[in-house]
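*Asks:* Please find upload.pdb (PDB, C-alpha atoms and all ligand atoms) on the next line:
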ATOM      1  CA  MET A   1    -152.115  24.763  42.402
ATOM      2  CA  LYS A   2    -155.554  25.783  41.260
ATOM      3  CA  ASN A   3    -154.494  29.439  41.303
ATOM      4  CA  ILE A   4    -151.421  28.744  39.185
ATOM      5  CA  TRP A   5    -153.546  27.054  36.531
ATOM      6  CA  LEU A   6    -156.009  29.916  36.626
ATOM      7  CA  SER A   7    -153.190  32.458  36.199
ATOM      8  CA  LEU A   8    -151.765  30.432  33.323
ATOM      9  CA  ILE A   9    -155.125  30.301  31.571
ATOM     10  CA  CYS A  10    -155.585  34.052  32.035
ATOM     11  CA  LEU A  11    -152.107  34.680  30.612
ATOM     12  CA  LEU A  12    -152.799  32.508  27.579
ATOM     13  CA  LEU A  13    -156.132  34.244  27.012
ATOM     14  CA  ALA A  14    -154.492  37.675  27.252
ATOM     15  CA  ALA A  15    -151.776  36.621  24.783
ATOM     16  CA  GLY A  16    -154.445  35.349  22.412
ATOM     17  CA  VAL A  17    -156.344  38.624  22.512
ATOM     18  CA  ALA A  18    -153.165  40.691  22.057
ATOM     19  CA  GLY A  19    -152.085  38.521  19.129
ATOM     20  CA  ALA A  20    -155.407  38.724  17.344
ATOM     21  CA  GLU A  21    -155.411  41.071  14.372
ATOM     22  CA  PHE A  22    -158.587  42.721  13.285
ATOM     23  CA  SER A  23    -159.354  41.795   9.702
ATOM     24  CA  PHE A  24    -162.122  44.344   9.319
ATOM     25  CA  TYR A  25    -163.414  47.676  10.585
ATOM     26  CA  LEU A  26    -167.102  47.764  11.416
ATOM     27  CA  ILE A  27    -168.780  50.975  10.279
ATOM     28  CA  ASP A  28    -172.243  49.856  11.395
ATOM     29  CA  ASN A  29    -174.405  46.743  11.681
ATOM     30  CA  PHE A  30    -177.299  48.609  13.378
ATOM     31  CA  GLU A  31    -177.512  46.016  16.152
ATOM     32  CA  SER A  32    -177.691  48.920  18.624
ATOM     33  CA  GLY A  33    -181.207  49.384  17.237
ATOM     34  CA  ARG A  34    -180.331  53.020  16.517
ATOM     35  CA  ALA A  35    -179.025  55.050  13.586
ATOM     36  CA  ASP A  36    -177.720  57.959  15.656
ATOM     37  CA  ARG A  37    -174.323  58.061  13.984
ATOM     38  CA  TRP A  38    -176.000  58.738  10.602
ATOM     39  CA  TYR A  39    -177.258  62.059   9.258
ATOM     40  CA  LYS A  40    -179.718  62.280   6.384
ATOM     41  CA  PHE A  41    -180.373  64.702   3.545
ATOM     42  CA  GLY A  42    -182.771  65.153   0.660
ATOM     43  CA  ASN A  43    -186.079  63.346   0.578
ATOM     44  CA  VAL A  44    -184.969  60.132   2.270
ATOM     45  CA  GLN A  45    -186.634  58.552   5.277
ATOM     46  CA  MET A  46    -184.292  56.546   7.483
ATOM     47  CA  SER A  47    -185.272  54.065  10.174
ATOM     48  CA  VAL A  48    -183.738  51.099  11.951
ATOM     49  CA  THR A  49    -186.074  48.161  11.427
ATOM     50  CA  GLN A  50    -186.308  44.634  12.705
ATOM     51  CA  ASN A  51    -185.162  42.080  10.124
ATOM     52  CA  PRO A  52    -187.571  39.343   9.091
ATOM     53  CA  SER A  53    -186.269  36.040  10.466
ATOM     54  CA  ALA A  54    -184.166  34.344   7.774
ATOM     55  CA  GLU A  55    -185.920  31.429   6.150
ATOM     56  CA  GLY A  56    -183.970  28.303   5.273
ATOM     57  CA  LYS A  57    -180.194  28.522   5.123
ATOM     58  CA  ASP A  58    -179.456  31.975   3.774
ATOM     59  CA  ILE A  59    -176.113  32.656   5.417
ATOM     60  CA  ILE A  60    -176.008  36.323   4.413
ATOM     61  CA  ALA A  61    -179.547  37.065   5.581
ATOM     62  CA  ASP A  62    -178.689  35.203   8.774
ATOM     63  CA  SER A  63    -175.654  37.417   9.397
ATOM     64  CA  CYS A  64    -177.781  40.560   9.313
ATOM     65  CA  GLY A  65    -178.778  39.971  12.917
ATOM     66  CA  GLU A  66    -181.819  41.586  14.356
ATOM     67  CA  TYR A  67    -181.723  45.084  12.883
ATOM     68  CA  SER A  68    -180.857  46.870   9.638
ATOM     69  CA  LEU A  69    -181.206  50.391   8.295
ATOM     70  CA  LYS A  70    -184.159  51.010   6.016
ATOM     71  CA  LEU A  71    -183.988  53.865   3.493
ATOM     72  CA  LYS A  72    -186.926  55.008   1.407
ATOM     73  CA  GLY A  73    -188.233  58.044  -0.393
ATOM     74  CA  GLY A  74    -189.637  59.528  -3.583
ATOM     75  CA  ALA A  75    -187.332  60.630  -6.404
ATOM     76  CA  THR A  76    -187.266  63.953  -8.205
ATOM     77  CA  ASN A  77    -185.119  63.732 -11.342
ATOM     78  CA  TRP A  78    -183.907  60.255 -10.338
ATOM     79  CA  TYR A  79    -182.536  61.586  -7.043
ATOM     80  CA  VAL A  80    -184.058  60.807  -3.638
ATOM     81  CA  GLY A  81    -181.477  61.776  -1.024
ATOM     82  CA  GLY A  82    -179.163  59.894   1.244
ATOM     83  CA  VAL A  83    -177.495  59.241   4.563
ATOM     84  CA  GLY A  84    -173.953  59.693   5.742
ATOM     85  CA  THR A  85    -171.636  59.151   8.669
ATOM     86  CA  ASP A  86    -168.425  60.834   9.813
ATOM     87  CA  LEU A  87    -165.560  58.359  10.110
ATOM     88  CA  GLN A  88    -162.151  60.072  10.292
ATOM     89  CA  ILE A  89    -160.245  56.777  10.352
ATOM     90  CA  ASP A  90    -157.108  55.313   8.820
ATOM     91  CA  ALA A  91    -158.610  53.112   6.095
ATOM     92  CA  SER A  92    -155.259  52.423   4.418
ATOM     93  CA  PRO A  93    -154.941  48.850   5.797
ATOM     94  CA  PHE A  94    -158.110  47.866   3.948
ATOM     95  CA  THR A  95    -158.789  47.192   0.276
ATOM     96  CA  ARG A  96    -162.578  47.005   0.009
ATOM     97  CA  LEU A  97    -165.936  48.120   1.307
ATOM     98  CA  GLN A  98    -168.492  45.437   2.026
ATOM     99  CA  LEU A  99    -172.186  45.918   2.717
ATOM    100  CA  ASP A 100    -175.414  43.946   2.574
ATOM    101  CA  VAL A 101    -178.318  45.434   0.629
ATOM    102  CA  CYS A 102    -181.814  44.147   1.280
ATOM    103  CA  GLY A 103    -183.774  44.516  -1.932
ATOM    104  CA  SER A 104    -187.330  45.665  -2.593
ATOM    105  CA  GLY A 105    -189.588  45.741  -5.603
ATOM    106  CA  THR A 106    -188.729  49.341  -6.446
ATOM    107  CA  GLY A 107    -185.519  48.943  -8.443
ATOM    108  CA  GLY A 108    -183.131  51.854  -8.404
ATOM    109  CA  LYS A 109    -179.542  52.129  -7.259
ATOM    110  CA  LEU A 110    -177.378  53.071  -4.333
ATOM    111  CA  ARG A 111    -174.549  55.492  -4.925
ATOM    112  CA  ILE A 112    -171.837  55.038  -2.327
ATOM    113  CA  GLU A 113    -169.495  57.970  -1.713
ATOM    114  CA  LEU A 114    -166.184  57.997   0.165
ATOM    115  CA  PHE A 115    -164.182  61.131   1.012
ATOM    116  CA  ASP A 116    -160.450  61.169   1.810
ATOM    117  CA  ASP A 117    -158.742  64.165   3.420
ATOM    118  CA  ASP A 118    -156.033  65.647   1.171
ATOM    119  CA  ASN A 119    -155.205  68.977   2.790
ATOM    120  CA  ASN A 120    -154.650  67.278   6.163
ATOM    121  CA  ASN A 121    -157.068  69.289   8.283
ATOM    122  CA  LYS A 122    -159.658  66.642   9.259
ATOM    123  CA  ILE A 123    -162.358  68.798   7.630
ATOM    124  CA  LEU A 124    -164.324  68.310   4.417
ATOM    125  CA  GLU A 125    -164.522  71.735   2.756
ATOM    126  CA  GLN A 126    -167.609  71.675   0.520
ATOM    127  CA  ASP A 127    -169.224  74.198  -1.803
ATOM    128  CA  PRO A 128    -173.006  74.361  -1.219
ATOM    129  CA  ALA A 129    -173.363  76.233  -4.530
ATOM    130  CA  GLN A 130    -171.837  73.297  -6.443
ATOM    131  CA  ASP A 131    -173.915  70.420  -5.061
ATOM    132  CA  TRP A 132    -171.646  70.218  -1.975
ATOM    133  CA  LYS A 133    -168.586  69.373  -4.054
ATOM    134  CA  PRO A 134    -165.480  68.903  -1.874
ATOM    135  CA  LEU A 135    -162.988  71.664  -2.720
ATOM    136  CA  LYS A 136    -159.748  70.329  -1.201
ATOM    137  CA  ASP A 137    -160.377  66.605  -0.758
ATOM    138  CA  ASP A 138    -161.199  63.655  -2.999
ATOM    139  CA  LYS A 139    -164.726  62.296  -3.442
ATOM    140  CA  TRP A 140    -164.947  58.695  -4.721
ATOM    141  CA  THR A 141    -168.178  57.094  -5.929
ATOM    142  CA  VAL A 142    -169.543  53.757  -7.053
ATOM    143  CA  GLU A 143    -173.098  52.626  -7.853
ATOM    144  CA  VAL A 144    -174.728  49.280  -7.092
ATOM    145  CA  PRO A 145    -178.220  48.087  -8.128
ATOM    146  CA  ILE A 146    -181.065  47.446  -5.710
ATOM    147  CA  TYR A 147    -182.486  44.031  -6.590
ATOM    148  CA  GLY A 148    -185.775  42.436  -5.561
ATOM    149  CA  ALA A 149    -186.542  40.816  -2.211
ATOM    150  CA  GLY A 150    -183.547  39.145  -0.568
ATOM    151  CA  VAL A 151    -180.122  40.231   0.602
ATOM    152  CA  THR A 152    -177.221  40.941  -1.763
ATOM    153  CA  ARG A 153    -173.718  41.170  -0.309
ATOM    154  CA  TYR A 154    -171.585  43.688  -2.170
ATOM    155  CA  SER A 155    -167.826  43.529  -1.677
ATOM    156  CA  ILE A 156    -166.459  46.489  -3.595
ATOM    157  CA  PRO A 157    -162.708  47.010  -4.047
ATOM    158  CA  PHE A 158    -161.662  50.618  -3.509
ATOM    159  CA  THR A 159    -160.182  50.459  -7.032
ATOM    160  CA  ALA A 160    -163.769  50.284  -8.388
ATOM    161  CA  PHE A 161    -164.555  53.749  -7.007
ATOM    162  CA  LYS A 162    -164.281  56.612  -9.503
ATOM    163  CA  LEU A 163    -162.966  60.086  -8.697
ATOM    164  CA  ASP A 164    -165.957  62.441  -8.771
ATOM    165  CA  ASN A 165    -164.213  65.826  -8.408
ATOM    166  CA  PRO A 166    -160.917  65.834 -10.319
ATOM    167  CA  GLY A 167    -158.624  68.776  -9.596
ATOM    168  CA  CYS A 168    -159.849  69.328  -6.023
ATOM    169  CA  GLY A 169    -157.884  66.835  -3.926
ATOM    170  CA  ASP A 170    -154.770  64.983  -5.071
ATOM    171  CA  GLY A 171    -156.743  62.437  -7.122
ATOM    172  CA  ILE A 172    -155.145  59.523  -5.262
ATOM    173  CA  TRP A 173    -156.979  57.125  -2.939
ATOM    174  CA  ASN A 174    -154.873  57.721   0.195
ATOM    175  CA  PRO A 175    -157.136  57.358   3.248
ATOM    176  CA  ASP A 176    -154.256  57.183   5.746
ATOM    177  CA  THR A 177    -153.790  59.510   8.723
ATOM    178  CA  LYS A 178    -150.231  60.627   7.933
ATOM    179  CA  ASN A 179    -149.287  64.311   8.405
ATOM    180  CA  GLY A 180    -152.425  65.065  10.391
ATOM    181  CA  SER A 181    -154.798  63.817   7.710
ATOM    182  CA  GLY A 182    -158.265  62.737   8.794
ATOM    183  CA  GLY A 183    -157.894  59.715   6.467
ATOM    184  CA  LEU A 184    -161.287  58.443   5.360
ATOM    185  CA  LEU A 185    -163.372  61.424   6.492
ATOM    186  CA  LYS A 186    -166.876  60.204   5.768
ATOM    187  CA  MET A 187    -169.129  57.877   3.840
ATOM    188  CA  GLN A 188    -172.478  58.624   2.218
ATOM    189  CA  ILE A 189    -175.105  56.369   0.648
ATOM    190  CA  ILE A 190    -177.485  57.979  -1.859
ATOM    191  CA  LEU A 191    -180.771  56.511  -3.145
ATOM    192  CA  LEU A 192    -181.350  56.853  -6.897
ATOM    193  CA  ALA A 193    -184.472  55.800  -8.810
ATOM    194  CA  ASP A 194    -184.421  54.116 -12.207
ATOM    195  CA  LYS A 195    -187.060  56.547 -13.441
ATOM    196  CA  GLN A 196    -187.405  60.289 -13.116
ATOM    197  CA  LYS A 197    -190.138  60.077 -10.483
ATOM    198  CA  GLY A 198    -190.877  57.123  -8.243
ATOM    199  CA  GLU A 199    -190.384  55.480  -4.892
ATOM    200  CA  VAL A 200    -187.119  53.770  -3.969
ATOM    201  CA  GLU A 201    -186.575  51.538  -0.982
ATOM    202  CA  ALA A 202    -183.665  49.423   0.288
ATOM    203  CA  GLY A 203    -182.291  47.989   3.511
ATOM    204  CA  ILE A 204    -178.611  48.370   4.436
ATOM    205  CA  ASP A 205    -176.600  46.286   6.868
ATOM    206  CA  ASN A 206    -173.136  45.056   7.893
ATOM    207  CA  ILE A 207    -171.107  47.938   6.485
ATOM    208  CA  ILE A 208    -167.450  47.078   6.948
ATOM    209  CA  LEU A 209    -164.020  47.887   5.578
ATOM    210  CA  THR A 210    -162.052  44.736   4.946
ATOM    211  CA  TYR A 211    -159.143  43.223   3.003
TER     212      TYR A 211
HETATM  213 CA    CA B   1    -177.760  44.113  11.489
HETATM  214 CA    CA B   2    -159.839  68.592   4.158
HETATM  215 CA    CA B   3    -156.706  61.690  -1.923
END
Go ahead and render the structure in this file as structure tokens.
Ligand SMILES: [Ca+2]
Ligand SMILES: [Ca+2]
Ligand SMILES: [Ca+2]

*Replies:*
Amino acid sequence: MKNIWLSLICLLLAAGVAGAEFSFYLIDNFESGRADRWYKFGNVQMSVTQNPSAEGKDIIADSCGEYSLKLKGGATNWYVGGVGTDLQIDASPFTRLQLDVCGSGTGGKLRIELFDDDNNNKILEQDPAQDWKPLKDDKWTVEVPIYGAGVTRYSIPFTAFKLDNPGCGDGIWNPDTKNGSGGLLKMQIILLADKQKGEVEAGIDNIILTY
């Protein structure tokens, strides 16, 4: 009898797991303690750092877990540099990008860039002579401010992203994997200063695609 109950419970558990739908796609929460899926460029320093323990009842700070990604560097002409990660996923079920930004006293902005594959070859063809502009695929950008100390949760609808390279891809946000497309090919986060020269610093965490 005991075995029958056990089997029944296992069956119910399996059905529950199979029936569960994922409501988000986790790009990274850095809880591995590593940033090895991220590349960096420009004058940015990138490190995975231990979060300060959340004081009081800050739910967002609490949800950042133990680690986040710290980005810092000095700007030349407002620009510091950035980090990026290859994704190659079907992002069409989702409607927004969410991320937590841990502020600093430096001010500045983050420019977030998304690239969708339009010539269906799973490759981002870029021109190094034109600031790495994608030649066949769409590049979409949005900017968010870096506030002072504390965590800000940004939930950015894809409709808020602006096309950065008109005439190169098809100009439509279509990050699906139909016809061999690589879908959402990659994401980059760029640090920008609010003055021509100066230090910029921010923490990043809980980067997800969601509804
Ligand atoms: Ca984290
Ligand atoms: Ca392509
Ligand atoms: Ca497109």

*Asks:* Restricting the calculation to all atoms listed in the file, which member of A:Asp131, A:Asp100, A:Glu66, A:Asp28 is positioned closest to Asp86 of chain A?

*Replies:* A:Asp28

*Asks:* Residues within 8 Å of ligand CA 1 (chain B) should be enumerated using all atoms listed in the file and returned as JSON, numbers by chain.

*Replies:* {"A": [28, 29, 30, 31, 51, 63, 64, 65, 66, 67, 68, 69, 205, 206]}

*Asks:* Quick one: of A:Ala91, A:Val83, A:Val44, A:Leu209, who's nearest to ligand CA 3 (chain B), counting only C-alpha atoms and all ligand atoms?

*Replies:* A:Ala91

*Asks:* Show me, as lines of an AutoDock Vina configuration file, the centre and edge lengths in Å to one decimal of the axis-aligned box that covers every listed atom of segment 112-121 of chain A with 3 Å on each side.

*Replies:*
center_x = -163.2
center_y = 62.2
center_z = 3.0
size_x = 23.2
size_y = 20.3
size_z = 16.6

*Asks:* Show me the residues around (-180.5, 60.5, -2.7) - criterion: an atom at most 6 Å away, only C-alpha atoms counted - as a list in words.

*Replies:*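 Collected hits near the coordinates: Tyr79, Val80, Gly81, Gly82, Ile190, Leu191 and Leu192 of chain A.
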
*Asks:* Could you write those residues out with C-alpha atoms, as a short mmCIF file (atom, residue, chain, number, x, y, z; two decimals), in the coordinates of the input?

*Replies:*
data_model
loop_
_atom_site.label_atom_id
_atom_site.label_comp_id
_atom_site.auth_asym_id
_atom_site.auth_seq_id
_atom_site.Cartn_x
_atom_site.Cartn_y
_atom_site.Cartn_z
CA TYR A 79 -182.54 61.59 -7.04
CA VAL A 80 -184.06 60.81 -3.64
CA GLY A 81 -181.48 61.78 -1.02
CA GLY A 82 -179.16 59.89 1.24
CA ILE A 190 -177.48 57.98 -1.86
CA LEU A 191 -180.77 56.51 -3.14
CA LEU A 192 -181.35 56.85 -6.90
#

*Asks:* Residues within 12 Å of ligand CA 2 (chain B) should be enumerated using all atoms listed in the file and returned as a ChimeraX atom specification.

*Replies:* /A:88,115-126,134-139,168-170,175,177,180-186

*Asks:* Looking at A:Asp58, A:Ser92, A:Ala202, A:Leu99, which one is nearest to ligand CA 3 (chain B), with distances taken over only C-alpha atoms and all ligand atoms?

*Replies:*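 Among the listed residues, A:Ser92 lies closest to ligand CA 3 (chain B).
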
*Asks:* Between atom CA of Lys195 of chain A and atom CA of Gln50 of chain A, what is the distance in Å, rounded to a tenth?

*Replies:*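 Atom CA of Gln50 of chain A lies 28.7 Å from atom CA of Lys195 of chain A.
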
*Asks:* Report as JSON, numbers by chain the residues that result from applying the PyMOL selection byres (((chain A and resi 107) around 7) and not hetatm) to the structure here.

*Replies:* {"A": [104, 105, 106, 108, 109, 146, 147, 193, 194, 200]}

*Asks:* Please produce an output containing C-alpha atoms for each residue in the selection, written as a compact mmCIF listing (two decimals), in the frame of the given file.

*Replies:*
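Once written, part.txt looks like this:
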# COMPACT_ATOMS: atom_id res chain seq x y z
CA SER A 104 -187.33 45.66 -2.59
CA GLY A 105 -189.59 45.74 -5.60
CA THR A 106 -188.73 49.34 -6.45
CA GLY A 108 -183.13 51.85 -8.40
CA LYS A 109 -179.54 52.13 -7.26
CA ILE A 146 -181.06 47.45 -5.71
CA TYR A 147 -182.49 44.03 -6.59
CA ALA A 193 -184.47 55.80 -8.81
CA ASP A 194 -184.42 54.12 -12.21
CA VAL A 200 -187.12 53.77 -3.97

*Asks:* So, with only C-alpha atoms and all ligand atoms as the atoms that count, which of A:Gly167, A:Gly84, A:Pro52, A:Gly73 lies closest to ligand CA 3 (chain B)?

*Replies:* A:Gly167

*Asks:* Using only C-alpha atoms and all ligand atoms, which residue out of A:Pro166, A:Gly198, A:Gly203, A:Gly42 lies closest to ligand CA 3 (chain B)?

*Replies:*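 Looking only at the distances to ligand CA 3 (chain B), the closest residue turns out to be A:Pro166.
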
*Asks:* Which residue gives the smallest distance to ligand CA 3 (chain B) among A:Ala149, A:Leu97, A:Ile189, A:Ile172, with all atoms listed in the file counted?

*Replies:* A:Ile172

*Asks:* Figure out the distance between atom CA of Thr95 of chain A and atom CA of Phe158 of chain A, please, to one decimal in Å.

*Replies:* 5.9 Å

*Asks:* Separation of atom CA of Lys40 of chain A and atom CA of Gly148 of chain A, in Å?

*Replies:*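 Atom CA of Gly148 of chain A lies 23.9 Å from atom CA of Lys40 of chain A.
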
*Asks:* Using the chain letters and residue numbers of this document, give as a list in words the residues selected by the PyMOL selection byres (((chain A and resi 26) around 7) and not hetatm).

*Replies:* Phe24, Tyr25, Ile27, Asp28, Ile207, Ile208 and Leu209 of chain A

*Asks:* Counting only C-alpha atoms, what is within 12 Å of Phe22 of chain A, bar same-chain residues fewer than 5 positions away, as a ChimeraX atom specification?

*Replies:* /A:17,93-94,208-211
